[in-house]
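Just below is one structure, and these are the notes that go with it.
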Amino acid sequence: MAQRTFSIIKPDAVRKGHTGAVLAEIEKAGFQIVAIKKQSISRAQAEGFYHVHKERPFFGELTQFMSTGPIVLMVLEKANAIADLRKLMGATNPANAEEGTIRKKFAGSIQENAIHGSDGDETAAFEIGYWFAGYELI
């Protein structure tokens with residue numbers, strides 16, 4: 001059975017022109033792109049999205065960074081989508097990411113790590129609903 005997950009191509013990867021290559025990796029891994037849009041977000045939108053990290057020391061830098069330029073928001077679908085996307089993305093720190101992963105290929109640092117993906121079913125449901133209206137998920 002297909003599962004949905006949420007992903008963002010972050011501002012660093014968009015700025016460096018890696019959007020197409022990241023999308024190609026995602027499709028090559030068997031994901032269906034259910035919904036996709038490119039937009040810039042405000043710091044307030046980033047703060048709402050990352051509210052679970054509000055007490056963490058990196059929250060301010062993260063929300064500032066995510067509002068520095070356009071991002072690509074996506075809803076992806078396949079069997080085991082959440083786990084498979086996490087594996088495809090690679091470790092948060094690209095220095096520790098396995099060869100062939102998106103972060104190993106396209107990320108520059110822990111913060112500028114090219115891509116975000118949901119870490120569980122509840123997170124995916126929140127993240128999809130935060131950025132996409134139901135009618136966009138046909």
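Following the order of the structure tokens, first chain is A, next is B, and so on, with residues numbered from 1 inside each chain and ligands from 1 in the order they appear.
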
Within 12 Å of Gly134 of chain A, counting only C-alpha atoms, which residues show up once you throw out same-chain ones fewer than 4 positions away? Write them as a VMD selection string, please.
chain A and resid 34 to 35 75 125 128 to 130 138

What are the closest atom pairs, with distances in Å to one decimal, for all residues of segment 32-76 of chain A lying within 7 Å of segment 1-24 of chain A? Consider only C-alpha atoms, order rows by chain and residue number, and present the result as CSV.
residue,atom,partner,partner_atom,distance
A:Met66,CA,A:Pro11,CA,6.3
A:Thr68,CA,A:Pro11,CA,6.7
A:Gly69,CA,A:Pro11,CA,5.3
A:Pro70,CA,A:Pro11,CA,5.7
A:Ile71,CA,A:Pro11,CA,5.2
A:Val72,CA,A:Ile9,CA,5.0
A:Leu73,CA,A:Ile8,CA,4.7
A:Met74,CA,A:Ser7,CA,5.2
A:Val75,CA,A:Phe6,CA,4.7
A:Leu76,CA,A:Thr5,CA,5.3

Using only N, CA and C atoms, please write the residues we just selected to a file, as a PDB file, in the first residue's frame.
ATOM      1  N   MET A  66      15.617  29.093   6.210  1.00  0.00           N
ATOM      2  CA  MET A  66      14.533  28.587   5.356  1.00  0.00           C
ATOM      3  C   MET A  66      13.758  29.712   4.673  1.00  0.00           C
ATOM      4  N   THR A  68      15.286  32.395   3.310  1.00  0.00           N
ATOM      5  CA  THR A  68      16.245  33.187   2.526  1.00  0.00           C
ATOM      6  C   THR A  68      16.041  33.115   1.016  1.00  0.00           C
ATOM      7  N   GLY A  69      15.166  32.254   0.558  1.00  0.00           N
ATOM      8  CA  GLY A  69      14.951  32.139  -0.882  1.00  0.00           C
ATOM      9  C   GLY A  69      13.927  31.077  -1.187  1.00  0.00           C
ATOM     10  N   PRO A  70      13.631  30.890  -2.467  1.00  0.00           N
ATOM     11  CA  PRO A  70      12.604  29.916  -2.839  1.00  0.00           C
ATOM     12  C   PRO A  70      12.944  28.492  -2.375  1.00  0.00           C
ATOM     13  N   ILE A  71      11.882  27.748  -2.064  1.00  0.00           N
ATOM     14  CA  ILE A  71      11.977  26.335  -1.715  1.00  0.00           C
ATOM     15  C   ILE A  71      10.988  25.575  -2.595  1.00  0.00           C
ATOM     16  N   VAL A  72      11.167  24.262  -2.680  1.00  0.00           N
ATOM     17  CA  VAL A  72      10.235  23.419  -3.432  1.00  0.00           C
ATOM     18  C   VAL A  72       9.582  22.473  -2.442  1.00  0.00           C
ATOM     19  N   LEU A  73       8.257  22.599  -2.326  1.00  0.00           N
ATOM     20  CA  LEU A  73       7.460  21.808  -1.395  1.00  0.00           C
ATOM     21  C   LEU A  73       6.842  20.650  -2.165  1.00  0.00           C
ATOM     22  N   MET A  74       6.886  19.435  -1.601  1.00  0.00           N
ATOM     23  CA  MET A  74       6.400  18.266  -2.321  1.00  0.00           C
ATOM     24  C   MET A  74       5.673  17.288  -1.407  1.00  0.00           C
ATOM     25  N   VAL A  75       4.657  16.660  -1.962  1.00  0.00           N
ATOM     26  CA  VAL A  75       4.031  15.491  -1.355  1.00  0.00           C
ATOM     27  C   VAL A  75       4.412  14.319  -2.252  1.00  0.00           C
ATOM     28  N   LEU A  76       5.018  13.316  -1.645  1.00  0.00           N
ATOM     29  CA  LEU A  76       5.519  12.156  -2.384  1.00  0.00           C
ATOM     30  C   LEU A  76       4.792  10.901  -1.918  1.00  0.00           C
TER      31      LEU A  76
END

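With distances restricted to only C-alpha atoms, A:Asp119 is the closest residue to Lys87 of chain A from A:Glu47, A:Glu112, A:Phe59, A:Asp119.
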
From a backbone DSSP assignment, name each residue in segment 27-134 of chain A labelled alpha helix (DSSP H), as a count of residues only.
42

Excluding Asp84 of chain A and its own-chain neighbours fewer than 4 positions away, which residues fall within 10 Å of it when counting only C-alpha atoms? Please give them as a PyMOL selection string.
chain A and resi 5+26+29-31+78-80+88-89

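Nearest residue to Asp121 of chain A among A:Ala81, A:Ile41, A:Lys105, A:Glu25 is A:Ala81, counting only C-alpha atoms.
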
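When DSSP is run on the backbone, the residues of chain A that fall into strand (DSSP E) are A:Gln3, A:Arg4, A:Thr5, A:Phe6, A:Ser7, A:Ile8, A:Ile9, A:Gln32, A:Ile33, A:Val34, A:Ala35, A:Ile36, A:Lys37, A:Lys38, A:Gln39, A:Ile71, A:Val72, A:Leu73, A:Met74, A:Val75, A:Leu76, A:Glu77, A:Lys78, A:Ile115, A:His116, A:Gly117.
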
Kindly export the residues of the current selection with C-alpha atoms, as a PDB file, in the first residue's frame.
ATOM      1  CA  GLN A   3       2.251   5.884   1.876  1.00  0.00           C
ATOM      2  CA  ARG A   4       2.604   9.650   1.590  1.00  0.00           C
ATOM      3  CA  THR A   5       5.430  11.759   2.906  1.00  0.00           C
ATOM      4  CA  PHE A   6       6.418  15.398   2.700  1.00  0.00           C
ATOM      5  CA  SER A   7       9.667  16.880   1.455  1.00  0.00           C
ATOM      6  CA  ILE A   8      11.273  20.260   0.854  1.00  0.00           C
ATOM      7  CA  ILE A   9      14.129  21.067  -1.471  1.00  0.00           C
ATOM      8  CA  GLN A  32       5.312   9.538  -7.342  1.00  0.00           C
ATOM      9  CA  ILE A  33       5.071  13.317  -6.997  1.00  0.00           C
ATOM     10  CA  VAL A  34       1.490  13.881  -5.802  1.00  0.00           C
ATOM     11  CA  ALA A  35       1.841  17.665  -5.432  1.00  0.00           C
ATOM     12  CA  ILE A  36       4.648  20.147  -5.943  1.00  0.00           C
ATOM     13  CA  LYS A  37       5.095  23.908  -5.741  1.00  0.00           C
ATOM     14  CA  LYS A  38       7.939  26.388  -5.557  1.00  0.00           C
ATOM     15  CA  GLN A  39       7.583  29.396  -3.304  1.00  0.00           C
ATOM     16  CA  ILE A  71      11.977  26.335  -1.715  1.00  0.00           C
ATOM     17  CA  VAL A  72      10.235  23.419  -3.432  1.00  0.00           C
ATOM     18  CA  LEU A  73       7.460  21.808  -1.395  1.00  0.00           C
ATOM     19  CA  MET A  74       6.400  18.266  -2.321  1.00  0.00           C
ATOM     20  CA  VAL A  75       4.031  15.491  -1.355  1.00  0.00           C
ATOM     21  CA  LEU A  76       5.519  12.156  -2.384  1.00  0.00           C
ATOM     22  CA  GLU A  77       3.979   8.708  -2.491  1.00  0.00           C
ATOM     23  CA  LYS A  78       5.165   5.090  -2.650  1.00  0.00           C
ATOM     24  CA  ILE A 115      16.457  18.516   1.580  1.00  0.00           C
ATOM     25  CA  HIS A 116      13.921  17.927   4.336  1.00  0.00           C
ATOM     26  CA  GLY A 117      11.746  14.854   4.729  1.00  0.00           C
TER      27      GLY A 117
END

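Separating atom CA of Ala44 of chain A from atom CA of Phe58 of chain A is a distance of 15.6 Å.
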
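If you look at atom CA of Glu122 of chain A and atom CA of Leu137 of chain A, they are 17.2 Å away from each other.
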
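Computed from the coordinates, the atom CA of Gly60 of chain A to atom CA of Trp131 of chain A distance equals 20.4 Å.
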